[in-house]
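For reference, start.csv (CSV, C-alpha atoms):
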```csv
chain,number,residue,atom,x,y,z
A,2,MET,CA,0.0,0.0,0.0
A,3,ASN,CA,1.4,3.4,-1.0
A,4,GLU,CA,0.7,5.9,1.7
A,5,THR,CA,2.2,9.1,0.6
A,6,ARG,CA,2.3,12.3,2.7
A,7,HIS,CA,-0.9,13.6,1.0
A,8,GLY,CA,-2.6,10.2,1.0
A,9,ALA,CA,-2.4,9.4,4.7
A,10,SER,CA,-4.7,6.5,5.4
A,11,TRP,CA,-7.2,6.2,8.2
A,12,SER,CA,-5.4,3.1,9.3
A,13,MET,CA,-2.1,5.0,9.5
A,14,ALA,CA,-3.8,7.7,11.6
A,15,ALA,CA,-5.5,5.1,13.8
A,16,SER,CA,-2.2,3.3,14.4
A,17,ALA,CA,-0.5,6.6,15.4
A,18,THR,CA,-3.5,7.4,17.7
A,19,LEU,CA,-3.4,4.0,19.3
A,20,HIS,CA,0.3,4.5,20.0
A,21,CYS,CA,-0.5,7.9,21.5
A,22,LEU,CA,-3.4,6.3,23.5
A,23,THR,CA,-1.1,3.7,25.0
A,24,GLY,CA,1.2,6.3,26.4
A,25,CYS,CA,-1.7,8.5,27.5
A,26,ALA,CA,-3.5,5.6,29.2
A,27,ILE,CA,-0.4,4.5,31.1
A,28,GLY,CA,0.2,8.1,32.3
A,29,GLU,CA,-3.5,8.7,33.1
A,30,VAL,CA,-3.9,5.6,35.1
A,31,LEU,CA,-0.6,6.0,37.0
A,32,GLY,CA,-1.4,9.7,37.7
A,33,MET,CA,-4.9,8.8,39.0
A,34,VAL,CA,-3.5,6.0,41.2
A,35,ILE,CA,-0.7,8.2,42.6
A,36,GLY,CA,-3.1,11.2,43.1
A,37,THR,CA,-5.7,9.1,44.8
A,38,ALA,CA,-3.1,7.2,47.0
A,39,PHE,CA,-1.6,10.5,48.2
A,40,GLY,CA,-5.0,12.2,48.6
A,41,LEU,CA,-4.2,14.9,46.1
A,42,HIS,CA,-6.9,17.4,45.1
A,43,ASN,CA,-8.6,16.6,41.7
A,44,ALA,CA,-6.7,19.5,40.0
A,45,ALA,CA,-3.3,18.2,41.2
A,46,THR,CA,-4.3,14.7,40.1
A,47,ILE,CA,-5.2,15.9,36.7
A,48,VAL,CA,-2.0,17.9,36.3
A,49,LEU,CA,0.0,14.8,37.4
A,50,SER,CA,-1.9,12.6,35.0
A,51,ILE,CA,-1.3,14.9,32.1
A,52,ALA,CA,2.4,15.3,32.8
A,53,LEU,CA,2.8,11.5,33.0
A,54,ALA,CA,0.8,11.0,29.8
A,55,PHE,CA,3.3,13.2,28.0
A,56,VAL,CA,6.3,11.5,29.6
A,57,PHE,CA,5.0,8.0,28.7
A,58,GLY,CA,3.8,9.1,25.2
A,59,TYR,CA,7.2,10.6,24.4
A,60,ALA,CA,9.1,7.6,25.9
A,61,LEU,CA,7.2,5.1,23.8
A,62,THR,CA,8.1,7.0,20.6
A,63,MET,CA,11.7,7.5,21.7
A,64,ARG,CA,12.1,3.8,22.4
A,65,GLY,CA,11.5,2.9,18.8
A,66,VAL,CA,13.5,5.8,17.4
A,67,LEU,CA,16.4,5.1,19.6
A,68,LYS,CA,16.4,1.5,18.5
A,69,SER,CA,16.9,2.7,15.0
A,70,GLY,CA,20.2,4.3,16.0
A,71,LEU,CA,19.2,7.9,16.4
A,72,ALA,CA,21.0,9.9,19.2
A,73,PHE,CA,19.0,10.8,22.3
A,74,GLY,CA,18.7,14.5,21.5
A,75,ALA,CA,17.6,13.8,18.0
A,76,ALA,CA,15.2,11.1,19.2
A,77,LEU,CA,13.7,13.6,21.7
A,78,LYS,CA,13.1,16.1,18.9
A,79,VAL,CA,11.4,13.4,16.8
A,80,ALA,CA,9.2,12.5,19.7
A,81,LEU,CA,8.3,16.1,20.4
A,82,ALA,CA,7.4,16.7,16.8
A,83,ALA,CA,5.5,13.4,16.4
A,84,ASP,CA,3.5,13.4,19.6
A,85,THR,CA,2.9,16.8,21.1
A,86,VAL,CA,-0.3,17.8,19.3
A,87,SER,CA,-1.7,14.3,19.5
A,88,ILE,CA,-1.1,13.9,23.2
A,89,ALA,CA,-2.4,17.4,23.9
A,90,VAL,CA,-5.7,16.8,22.0
A,91,MET,CA,-6.1,13.4,23.7
A,92,GLU,CA,-5.4,14.8,27.2
A,93,LEU,CA,-7.8,17.7,26.6
A,94,VAL,CA,-10.6,15.4,25.6
A,95,ASP,CA,-9.8,12.6,28.1
A,96,ASN,CA,-9.6,14.9,31.1
A,97,GLY,CA,-12.5,17.0,30.0
A,98,VAL,CA,-14.7,13.9,29.9
A,99,MET,CA,-13.5,12.8,33.3
A,100,VAL,CA,-14.4,16.2,34.8
A,101,VAL,CA,-17.9,16.3,33.3
A,102,VAL,CA,-18.9,12.8,34.2
A,103,PRO,CA,-20.7,13.4,37.6
A,104,GLY,CA,-18.7,11.9,40.5
A,105,ALA,CA,-16.0,10.2,38.3
A,106,MET,CA,-13.1,12.1,39.8
A,107,ASP,CA,-14.2,11.6,43.3
A,108,ALA,CA,-15.3,7.9,42.9
A,109,GLY,CA,-12.0,6.4,43.9
A,110,LEU,CA,-10.0,3.6,42.5
A,111,GLY,CA,-12.3,0.8,43.7
A,112,SER,CA,-15.3,2.2,41.9
A,113,LEU,CA,-16.8,1.0,38.7
A,114,LEU,CA,-17.8,4.6,38.0
A,115,PHE,CA,-14.2,5.8,38.0
A,116,TRP,CA,-12.8,3.0,35.8
A,117,GLY,CA,-15.9,3.1,33.5
A,118,ALA,CA,-15.6,6.9,33.1
A,119,LEU,CA,-11.8,6.6,32.4
A,120,ALA,CA,-12.3,3.9,29.8
A,121,PHE,CA,-15.1,5.9,28.2
A,122,SER,CA,-13.0,9.1,28.2
A,123,LEU,CA,-10.0,7.3,26.6
A,124,ALA,CA,-12.3,5.9,23.9
A,125,ILE,CA,-13.8,9.3,23.1
A,126,ALA,CA,-10.3,10.8,23.1
A,127,PHE,CA,-9.2,8.1,20.6
A,128,VAL,CA,-12.1,8.7,18.3
A,129,LEU,CA,-11.6,12.5,18.3
A,130,THR,CA,-7.8,12.3,17.9
A,131,VAL,CA,-7.7,10.0,14.9
A,132,PRO,CA,-8.8,12.8,12.4
A,133,VAL,CA,-6.3,15.2,14.0
A,134,ASN,CA,-3.5,12.6,13.4
A,135,LYS,CA,-4.8,11.9,9.8
A,136,GLY,CA,-4.6,15.6,9.0
A,137,MET,CA,-1.2,16.0,10.5
A,138,ILE,CA,0.3,12.9,8.8
A,139,GLY,CA,-1.2,14.1,5.5
A,140,ARG,CA,0.8,17.3,5.9
A,141,GLY,CA,4.0,15.5,6.8
A,142,LEU,CA,3.7,16.3,10.5
A,143,GLY,CA,3.0,14.4,13.7
A,144,HIS,CA,3.8,10.7,13.3
A,145,ALA,CA,4.8,11.3,9.7
A,146,LYS,CA,8.1,12.4,11.3
A,147,VAL,CA,8.5,9.0,12.9
A,148,HIS,CA,7.6,7.2,9.7
A,149,ALA,CA,9.9,9.4,7.7
A,150,HIS,CA,12.7,8.5,10.0
A,151,HIS,CA,12.1,4.8,9.8
A,152,ALA,CA,12.0,5.0,6.0
A,153,HIS,CA,15.7,6.1,5.9
```
What is this structure when it is put down as structure tokens?
Amino acid sequence: MNETRHGASWSMAASATLHCLTGCAIGEVLGMVIGTAFGLHNAATIVLSIALAFVFGYALTMRGVLKSGLAFGAALKVALAADTVSIAVMELVDNGVMVVVPGAMDAGLGSLLFWGALAFSLAIAFVLTVPVNKGMIGRGLGHAKVHAHHAH
């Protein structure tokens, strides 16, 4: 299948978004667990979750890019270019959904409401981020930077 810069496929965008979702989900869950365990305020828990989502999202991209032989600094630049917009959109949607679901942030880790709302928020974030990634890849941005690197 020939997927040029201007012919970015939905499957390519979905793959990039799934990659982003993985890092975001790890960061979100870890942030929520840490925030809840330490009794942090909801705002602090959300900030921690977002920070960890970016850390894990970038780390997953860097892992693959570093394996291809790129130096750390260059790999970090690729990760920042590839993932920043995708993670930001995903986090905005994900955390927005968590905040608007009544009682979700206060439900606690043992609650089906918390985990159901988190799963729902990540699913909505995925659906809304795929078209963003498709548009970026089609313009040679976002995960196109990672794909371009692996092509060489």
ask   = So, counting only C-alpha atoms, which residue among A:Thr85, A:Ser112, A:Thr18, A:Thr23 is closest to Asn134 in chain A?
value =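 Among the listed residues, the smallest separation from Asn134 in chain A belongs to A:Thr18.
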Considering only C-alpha atoms, give me a table of residues in range 10-62 of chain A that are at most 12 Å from range 92-111 of chain A, with the closest atom pair and distance in Å for each, as CSV.
```
residue,atom,partner,partner_atom,distance
A:Cys21,CA,A:Glu92,CA,10.2
A:Leu22,CA,A:Glu92,CA,9.5
A:Gly24,CA,A:Glu92,CA,10.8
A:Cys25,CA,A:Glu92,CA,7.3
A:Ala26,CA,A:Asp95,CA,9.5
A:Gly28,CA,A:Glu92,CA,10.1
A:Glu29,CA,A:Glu92,CA,8.7
A:Val30,CA,A:Leu110,CA,9.8
A:Leu31,CA,A:Leu110,CA,11.2
A:Gly32,CA,A:Leu110,CA,11.6
A:Met33,CA,A:Leu110,CA,8.1
A:Val34,CA,A:Leu110,CA,7.0
A:Ile35,CA,A:Leu110,CA,10.4
A:Gly36,CA,A:Gly109,CA,10.1
A:Thr37,CA,A:Gly109,CA,6.9
A:Ala38,CA,A:Leu110,CA,9.0
A:Phe39,CA,A:Gly109,CA,12.0
A:Gly40,CA,A:Gly109,CA,10.2
A:Leu41,CA,A:Asp107,CA,10.9
A:His42,CA,A:Asp107,CA,9.5
A:Asn43,CA,A:Met106,CA,6.6
A:Ala44,CA,A:Met106,CA,9.8
A:Ala45,CA,A:Met106,CA,11.6
A:Thr46,CA,A:Met106,CA,9.2
A:Ile47,CA,A:Asn96,CA,7.2
A:Val48,CA,A:Asn96,CA,9.7
A:Leu49,CA,A:Asn96,CA,11.5
A:Ser50,CA,A:Glu92,CA,8.8
A:Ile51,CA,A:Glu92,CA,6.4
A:Ala52,CA,A:Glu92,CA,9.6
A:Leu53,CA,A:Glu92,CA,10.6
A:Ala54,CA,A:Glu92,CA,7.7
A:Phe55,CA,A:Glu92,CA,8.9
A:Gly58,CA,A:Glu92,CA,11.0
```
May I have the protein, DNA and RNA residues with an atom at most 6 Å from (-1.2, 10.7, 7.5), counting all atoms listed in the file in the file's coordinates, returned as a PDB file with C-alpha atoms, keeping the file's coordinate frame?
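Saved to part04.pdb:
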```
ATOM      1  CA  ALA A   9      -2.400   9.400   4.700  1.00  0.00           C
ATOM      2  CA  SER A  10      -4.700   6.500   5.400  1.00  0.00           C
ATOM      3  CA  ALA A  14      -3.800   7.700  11.600  1.00  0.00           C
ATOM      4  CA  LYS A 135      -4.800  11.900   9.800  1.00  0.00           C
ATOM      5  CA  ILE A 138       0.300  12.900   8.800  1.00  0.00           C
ATOM      6  CA  GLY A 139      -1.200  14.100   5.500  1.00  0.00           C
TER       7      GLY A 139
END
```
query = For Leu81 in chain A, which residue out of A:Leu129, A:Ser16, A:Trp116, A:Val66 is the nearest one, using only C-alpha atoms?
reply = A:Val66
request  = Would you work out the distance separating CA of Thr130 in chain A from CA of Leu71 in chain A, expressed in Å to one decimal?
outcome  =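 Interatomic distance, CA of Thr130 in chain A to CA of Leu71 in chain A: 27.4 Å.
Taking CA of Phe121 in chain A and CA of Ala17 in chain A as endpoints, the distance between them is 19.4 Å.
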request  = State, in Å with one decimal place, the distance from CA of Gly117 in chain A to CA of Val56 in chain A.
outcome  = 24.1 Å
request  = Determine, counting all atoms listed in the file, which protein, DNA and RNA residues have an atom within 12 Å of an atom of Ala83 in chain A; residues of the same chain fewer than 5 positions away are not included. Present the result as a ChimeraX atom specification.
outcome  = /A:14,17-18,20-21,55,58-63,66,76-78,88-89,134,137-138,141-150
